[in-house]
Structure formats: C-alpha cells, structure tokens
Amino acid sequence: MAGITDSRFLNKVIPYGFNVATLGGYSLDAPTIEASKKIIERGRKEFDFPLDDIFSHIENEVASIKSVHKNVKVSANVRSTTPQPIIEVGNIKDLDIVEINCHCRQEEILAIGCGQEMLKRADLGDFISQVVDDVDCAVSVKIRANVNGIDTLNIAKIIESAGAEYLHIDAMKKGIFDADYELLRNVCNNTNIKVIGNNSINSIENAEKMIDTGVCGFSIARSVISGKLEFNIANF
Ligand SMILES: Cc1cc2nc3c(=O)[nH]c(=O)nc-3n(C[C@H](O)[C@H](O)[C@H](O)COP(=O)(O)O)c2cc1C
C-alpha cells in the first residue's frame with residue numbers, strides 16, 4: 001500500500017503470520033515520480049523519493065526487515081514506464097521478489113501508460129521477460145482483474161509465457177464487495193504460474209474460500225492497514 005507499507009509498518013505486522021512482506025508501491029522513473037507528486041498534491045498517500053535516493057532507500061528498507069525477520073521473503077512493488085529501473089530494483093541485495101505493478105488505477109499513473117494501463121501494452125510480455133532475464137530475484141506481476149476490455153485469463157497466459165514466477169491478482173469485481181473467486185479458479189485451472197489471490201480477505205472464511213480456488217497463497221491489504229490483523233492466518 002503506497003505511502004503505508006514501509007519497513008516499520010511491515011516489521012509490526014509480519015508476526016501476525018505473514019511469510020512474504022511487500023514494500024511499496026514505489027515510483028522509479030521521472031514520469032512515475034512526477035505522477036506520484038501529483039497524487040500527493042490531491043491528498044492521497046504515496047511514497048515520495050527522488051530518483052537519486054529511491055534505489056538505496058529500497059535497499060535499506062529490505063535490510064531493515066531482514067535484520068528482524070530473517071525468514072520472511074521481502075518483495076518490492078514498483079512502477080516504471082520502462083523495464084530498466086525495475087531491473088535495478090530486482091538486483092538489490094537480499095530482495096527476494098520484484099513485483100511489477102500492472103494494477104494501480106490512479107489517473108495520473110494511467111495517463112503515462114503505467115499501472116493497469118500496462119495490461120493494454122502490446123509489448124507487455126517483452127517488458128516482463130526483459131525484467132525476468134536480467135534480475136537475480138523472482139519476478140511477480142500484480143494485476144487487477146476484470147479491467148474493462150481486458151481478458152484476465154489471456155493476460156495471465158502472457159505473464160506466464162514471459163517467465164514471471166508469481167501472478168498476484170487483485171480479484172476485484174465491480175459491484176461486488178468480495179473477491180471474484182470464479183475468476184481465480186479459472187486462471188488457476190488454465191495456467192501453471194503460481195497465483196497469489198488478493199481482495200477482501202477480512203476473515204478466515206474468506207481466506208479459505210480463496211485457497212479453495214487453487215491459488216498458492218493470498219495477500220491482505222486493507223484488513224491490516226491499522227497495523228493489526230483481527231483473525232489468525234498462522235495455520236495456512
Ligand atoms: C491505501 C492503499 C494503497 C494501495 N497501494 C497499492 C500499491 O502501491 N501497489 C499495489 O499493487 N496495490 C496497492 N493497493 C491495493 C492493495 O494492495 C490491494 O490489492 C487491494 O486493496 C485489495 O486487497 P484488500 O481487499 O486486501 O485490501 C493499495 C490499497 C490501498 C487501500
């Protein structure tokens with residue numbers, strides 16, 4: 001969660017049972033940093049680091065988590081208009097996963113072809129495979145499901161063919177206040193990529209429903225935003 005999930009926040013919530021902690025989202029190049037500034041100007045939280053600080057900042061954040069939670073995997077969720085800055089993050093010492101953000105729907109990010117607009121790029125597969133080929137860590141791609149005009153299963157296949165290890169799906173569906181479990185089941189049944197399901201996990205029951213779709217894990221955002229998780233995920 002941009003502007004919220006820094007190492008201090010994550011070190012506090014990891015003990016609730018998380019085995020992966022995601023830093024960010026971070027903006028990594030001039031266009032995305034400019035877009036983040038505009039988002040901040042209209043009052044929304046964002047991380048705001050200049051180009052010459054962002055990579056060392058992420059490296060320090062990874063070290064801050066690893067120094068306390070050695071066995072937790074650390075991921076960094078990032079936005080950039082080109083693959084190169086994402087590759088630079090993917091080669092940060094001790095970072096386990098670099099996550100390409102094809103999910104953000106803030107209009108300033110969409111206006112520069114980033115976030116969920118990435119799903120419309122004809123070169124999405126090439127973009128991802130360039131990152132996969134040039135980093136030492138695992139690559140995850142975070143997408144939003146049910147984006148107008150986008151076939152989520154087709155996108156999942158492109159991401160799998162590009163060599164990403166994880167497909168992180170915000171299984172949001174307009175008009176329902178729950179995850180689109182059918183969509184997750186369809187992606188899991190028709191691809192071999194490791195799918196991480198996301199959206200509306202606010203109880204053990206919802207976590208179980210998500211695991212039943214065939215995902216290999218789930219992620220939680222809003223239910224932990226207060227710094228506490230009110231249900232026990234330690235047995236998954
Ligand atoms: C304040 C806030 C900031 C967010 N920032 C990001 C972000 O930077 N990158 C990202 O991939 N998702 C971001 N998200 C989306 C969440 O990670 C998650 O996909 C979404 O909230 C649905 O999951 P949930 O129902 O568990 O909250 C953000 C969500 C919130 C509420």
# chains A, B, ... in the order shown; residues from 1 in each chain; ligands from 1
call {"tool": "select_by_dssp", "arguments": {"residues": "region 155-232 of chain A", "states": "helix (DSSP H, G or I)", "output": "list in words"}}
result
Ile155, Ala156, Lys157, Ile158, Ile159, Glu160, Ser161, Tyr181, Glu182, Leu183, Leu184, Arg185, Asn186, Val187, Cys188, Asn189, Asn190, Ile204, Glu205, Asn206, Ala207, Glu208, Lys209, Met210, Ile211, Arg222, Ser223 and Val224 of chain A
call {"tool": "residues_near_ligand", "arguments": {"ligand": "ligand 1", "cutoff": "7 Å", "atoms": "only C-alpha atoms and all ligand atoms", "output": "PyMOL selection string"}}
result
chain A and resi 1-2+24-26+45+77+101+103-104+142+170+198-201+219-223
call {"tool": "write_last_selection", "arguments": {"atoms": "C-alpha atoms", "output": "PDB file, in the first residue's frame"}}
result
ATOM      1  CA  MET A   1       0.000   0.000   0.000  1.00  0.00           C
ATOM      2  CA  ALA A   2       1.674   3.159  -1.272  1.00  0.00           C
ATOM      3  CA  GLY A  24       5.876  -0.014  -1.810  1.00  0.00           C
ATOM      4  CA  GLY A  25       4.482   0.685  -4.338  1.00  0.00           C
ATOM      5  CA  TYR A  26       7.386   2.829  -5.367  1.00  0.00           C
ATOM      6  CA  LYS A  45      -0.739   8.854   0.354  1.00  0.00           C
ATOM      7  CA  ASN A  77       6.059  -3.422  -5.667  1.00  0.00           C
ATOM      8  CA  ASN A 101       2.769  -3.035 -10.748  1.00  0.00           C
ATOM      9  CA  HIS A 103      -2.562  -2.731 -11.033  1.00  0.00           C
ATOM     10  CA  CYS A 104      -2.597   0.929  -9.947  1.00  0.00           C
ATOM     11  CA  LYS A 142       0.463  -7.669  -9.859  1.00  0.00           C
ATOM     12  CA  ASP A 170      -6.439  -8.369  -7.154  1.00  0.00           C
ATOM     13  CA  ASN A 198      -5.997 -10.890  -3.301  1.00  0.00           C
ATOM     14  CA  ASN A 199      -9.119  -8.905  -2.426  1.00  0.00           C
ATOM     15  CA  SER A 200     -11.442  -8.695   0.537  1.00  0.00           C
ATOM     16  CA  ILE A 201      -9.756 -11.176   2.847  1.00  0.00           C
ATOM     17  CA  SER A 219      -2.314 -11.377   0.273  1.00  0.00           C
ATOM     18  CA  ILE A 220      -4.035  -8.965   2.601  1.00  0.00           C
ATOM     19  CA  ALA A 221      -4.026  -5.157   2.397  1.00  0.00           C
ATOM     20  CA  ARG A 222      -6.939  -3.224   3.939  1.00  0.00           C
ATOM     21  CA  SER A 223      -7.537  -5.709   6.788  1.00  0.00           C
TER      22      SER A 223
END
call {"tool": "residues_around", "arguments": {"residues": "Glu107 (chain A)", "least_positions_apart": "4", "cutoff": "12 Å", "atoms": "only C-alpha atoms", "output": "PDB file with C-alpha atoms, in the first residue's frame"}}
result
ATOM      1  CA  THR A  32       6.086   7.882 -12.412  1.00  0.00           C
ATOM      2  CA  ALA A  35       2.734  11.278 -11.299  1.00  0.00           C
ATOM      3  CA  SER A  36       3.215  10.362  -7.611  1.00  0.00           C
ATOM      4  CA  LYS A  38       0.501  14.967  -8.421  1.00  0.00           C
ATOM      5  CA  ILE A  39      -1.273  12.211  -6.471  1.00  0.00           C
ATOM      6  CA  ARG A  42      -4.535  15.932  -4.230  1.00  0.00           C
ATOM      7  CA  HIS A 103      -2.562  -2.731 -11.033  1.00  0.00           C
ATOM      8  CA  ALA A 111      -2.096   8.857 -18.069  1.00  0.00           C
ATOM      9  CA  ILE A 112       1.534   7.763 -18.560  1.00  0.00           C
ATOM     10  CA  GLY A 113       0.619   4.209 -19.578  1.00  0.00           C
ATOM     11  CA  CYS A 114       1.520   2.642 -16.220  1.00  0.00           C
ATOM     12  CA  GLY A 115      -0.361   0.666 -13.585  1.00  0.00           C
ATOM     13  CA  GLN A 116      -3.333  -1.185 -15.039  1.00  0.00           C
ATOM     14  CA  GLU A 117      -2.757   0.542 -18.415  1.00  0.00           C
TER      15      GLU A 117
END
call {"tool": "atom_distance", "arguments": {"atom1": "CA of Ala164 (chain A)", "atom2": "CA of Val139 (chain A)"}}
result
5.1 Å
call {"tool": "atom_distance", "arguments": {"atom1": "CA of Glu205 (chain A)", "atom2": "CA of Leu23 (chain A)"}}
result
26.4 Å
call {"tool": "closest_residue", "arguments": {"among": "A:Ala122, A:Leu153, A:Ile97, A:Ile33", "to": "Arg79 (chain A)", "atoms": "only C-alpha atoms"}}
result
A:Ile33
call {"tool": "closest_residue", "arguments": {"among": "A:Asp126, A:Asp151, A:Asp52, A:Asp6", "to": "Ser75 (chain A)", "atoms": "only C-alpha atoms"}}
result
A:Asp6
call {"tool": "closest_residue", "arguments": {"among": "A:Leu167, A:Met210, A:Ala145, A:Ile204", "to": "Arg185 (chain A)", "atoms": "only C-alpha atoms"}}
result
A:Met210
call {"tool": "residues_around", "arguments": {"residues": "region 155-159 of chain A", "least_positions_apart": "2", "cutoff": "10 Å", "atoms": "only C-alpha atoms", "output": "compact mmCIF listing (two decimals) with C-alpha atoms, in the first residue's frame"}}
result
# COMPACT_ATOMS: atom_id res chain seq x y z
CA LEU A 119 -2.29 -4.56 -19.39
CA LYS A 120 -3.08 -2.86 -22.73
CA LEU A 124 3.69 -6.39 -22.05
CA GLY A 125 5.25 -9.85 -22.47
CA ASP A 126 8.57 -8.40 -23.72
CA PHE A 127 8.60 -5.84 -20.88
CA ILE A 128 8.21 -8.63 -18.31
CA SER A 129 10.67 -11.02 -19.93
CA SER A 140 5.91 -11.16 -9.64
CA VAL A 141 3.36 -9.27 -11.71
CA ILE A 143 -2.68 -7.21 -11.94
CA ALA A 145 -8.87 -8.48 -12.59
CA ILE A 150 -9.09 -6.89 -20.82
CA ASP A 151 -9.34 -10.68 -20.80
CA THR A 152 -7.72 -11.57 -17.47
CA LEU A 153 -7.01 -15.20 -18.43
CA SER A 161 4.89 -17.15 -21.02
CA ALA A 162 7.10 -14.15 -20.17
CA GLY A 163 8.61 -16.22 -17.34
CA ALA A 164 7.29 -14.46 -14.24
CA GLU A 165 7.25 -16.73 -11.19
CA TYR A 166 4.20 -15.20 -9.49
CA LEU A 167 0.95 -13.71 -10.73
CA HIS A 168 -0.58 -11.58 -7.99
CA ILE A 169 -4.25 -10.97 -8.80
CA VAL A 187 -6.85 -18.75 -14.02
CA CYS A 188 -5.53 -21.49 -11.70
CA ASN A 190 -5.79 -22.90 -17.08
CA THR A 191 -2.21 -21.81 -16.23
CA ASN A 192 0.72 -23.23 -14.28
CA ILE A 193 2.01 -19.95 -12.83
CA VAL A 195 -1.13 -17.39 -8.40
call {"tool": "closest_residue", "arguments": {"among": "A:Asn19, A:Lys209, A:Glu46, A:Glu230", "to": "Gln106 (chain A)", "atoms": "only C-alpha atoms"}}
result
A:Glu46
call {"tool": "closest_residue", "arguments": {"among": "A:Asp212, A:Glu61, A:Asp178, A:Asp123", "to": "Ala21 (chain A)", "atoms": "only C-alpha atoms"}}
result
A:Glu61
call {"tool": "closest_residue", "arguments": {"among": "A:Pro31, A:Asp96, A:Ile87, A:Ala171", "to": "Glu108 (chain A)", "atoms": "only C-alpha atoms"}}
result
A:Pro31
call {"tool": "residues_around", "arguments": {"residues": "Asp94 (chain A)", "least_positions_apart": "2", "cutoff": "8 Å", "atoms": "only C-alpha atoms", "output": "PyMOL selection string"}}
result
chain A and resi 62-63+92+96
call {"tool": "select_by_dssp", "arguments": {"residues": "region 161-235 of chain A", "states": "strand (DSSP E or B)", "output": "PyMOL selection string"}}
result
chain A and resi 166-170+194-198+217-219
call {"tool": "write_last_selection", "arguments": {"atoms": "N, CA and C atoms", "output": "PDB file, in the first residue's frame"}}
result
ATOM      1  N   TYR A 166       5.477 -15.411 -10.204  1.00  0.00           N
ATOM      2  CA  TYR A 166       4.203 -15.197  -9.488  1.00  0.00           C
ATOM      3  C   TYR A 166       3.275 -14.281 -10.285  1.00  0.00           C
ATOM      4  N   LEU A 167       1.993 -14.598 -10.197  1.00  0.00           N
ATOM      5  CA  LEU A 167       0.953 -13.709 -10.726  1.00  0.00           C
ATOM      6  C   LEU A 167       0.075 -13.338  -9.533  1.00  0.00           C
ATOM      7  N   HIS A 168       0.141 -12.069  -9.166  1.00  0.00           N
ATOM      8  CA  HIS A 168      -0.580 -11.575  -7.990  1.00  0.00           C
ATOM      9  C   HIS A 168      -1.847 -10.895  -8.505  1.00  0.00           C
ATOM     10  N   ILE A 169      -3.005 -11.475  -8.211  1.00  0.00           N
ATOM     11  CA  ILE A 169      -4.251 -10.972  -8.804  1.00  0.00           C
ATOM     12  C   ILE A 169      -5.138 -10.326  -7.760  1.00  0.00           C
ATOM     13  N   ASP A 170      -5.382  -9.024  -7.921  1.00  0.00           N
ATOM     14  CA  ASP A 170      -6.439  -8.369  -7.154  1.00  0.00           C
ATOM     15  C   ASP A 170      -7.734  -8.747  -7.866  1.00  0.00           C
ATOM     16  N   LYS A 194       2.390 -19.575 -10.448  1.00  0.00           N
ATOM     17  CA  LYS A 194       1.961 -19.506  -9.038  1.00  0.00           C
ATOM     18  C   LYS A 194       1.074 -18.272  -8.861  1.00  0.00           C
ATOM     19  N   VAL A 195      -0.183 -18.500  -8.542  1.00  0.00           N
ATOM     20  CA  VAL A 195      -1.130 -17.386  -8.401  1.00  0.00           C
ATOM     21  C   VAL A 195      -1.265 -17.008  -6.921  1.00  0.00           C
ATOM     22  N   ILE A 196      -1.118 -15.717  -6.653  1.00  0.00           N
ATOM     23  CA  ILE A 196      -1.388 -15.182  -5.315  1.00  0.00           C
ATOM     24  C   ILE A 196      -2.717 -14.429  -5.417  1.00  0.00           C
ATOM     25  N   GLY A 197      -3.707 -14.886  -4.665  1.00  0.00           N
ATOM     26  CA  GLY A 197      -5.027 -14.257  -4.713  1.00  0.00           C
ATOM     27  C   GLY A 197      -5.105 -13.090  -3.737  1.00  0.00           C
ATOM     28  N   ASN A 198      -5.853 -12.089  -4.138  1.00  0.00           N
ATOM     29  CA  ASN A 198      -5.997 -10.890  -3.301  1.00  0.00           C
ATOM     30  C   ASN A 198      -7.383 -10.303  -3.506  1.00  0.00           C
ATOM     31  N   GLY A 217      -1.230 -18.915  -2.657  1.00  0.00           N
ATOM     32  CA  GLY A 217      -1.147 -18.054  -1.481  1.00  0.00           C
ATOM     33  C   GLY A 217      -2.135 -16.913  -1.619  1.00  0.00           C
ATOM     34  N   PHE A 218      -2.254 -16.130  -0.555  1.00  0.00           N
ATOM     35  CA  PHE A 218      -3.128 -14.952  -0.640  1.00  0.00           C
ATOM     36  C   PHE A 218      -2.432 -13.776   0.008  1.00  0.00           C
ATOM     37  N   SER A 219      -2.878 -12.582  -0.355  1.00  0.00           N
ATOM     38  CA  SER A 219      -2.314 -11.377   0.273  1.00  0.00           C
ATOM     39  C   SER A 219      -3.442 -10.556   0.877  1.00  0.00           C
TER      40      SER A 219
END
call {"tool": "residues_around", "arguments": {"residues": "Ser203 (chain A)", "least_positions_apart": "4", "cutoff": "10 Å", "atoms": "only C-alpha atoms", "output": "ChimeraX atom specification"}}
result
/A:207-208,223,229-233
call {"tool": "residues_around", "arguments": {"residues": "Asp29 (chain A)", "least_positions_apart": "5", "cutoff": "8 Å", "atoms": "only C-alpha atoms", "output": "number ranges by chain"}}
result
A: 51, 80-81, 85
call {"tool": "write_last_selection", "arguments": {"atoms": "N, CA and C atoms", "output": "JSON list (two decimals), in the first residue's frame"}}
result
[["chain", "number", "residue", "atom", "x", "y", "z"],
["A", 51, "LEU", "N", 14.73, 10.39, -7.65],
["A", 51, "LEU", "CA", 15.42, 9.36, -8.43],
["A", 51, "LEU", "C", 16.76, 8.94, -7.84],
["A", 80, "SER", "N", 7.15, 1.70, -13.25],
["A", 80, "SER", "CA", 8.09, 2.41, -14.11],
["A", 80, "SER", "C", 7.58, 2.31, -15.54],
["A", 81, "THR", "N", 7.92, 3.29, -16.37],
["A", 81, "THR", "CA", 7.46, 3.24, -17.76],
["A", 81, "THR", "C", 8.35, 2.32, -18.60],
["A", 85, "PRO", "N", 14.67, 0.50, -14.68],
["A", 85, "PRO", "CA", 14.68, 0.78, -13.23],
["A", 85, "PRO", "C", 14.15, -0.40, -12.41]]
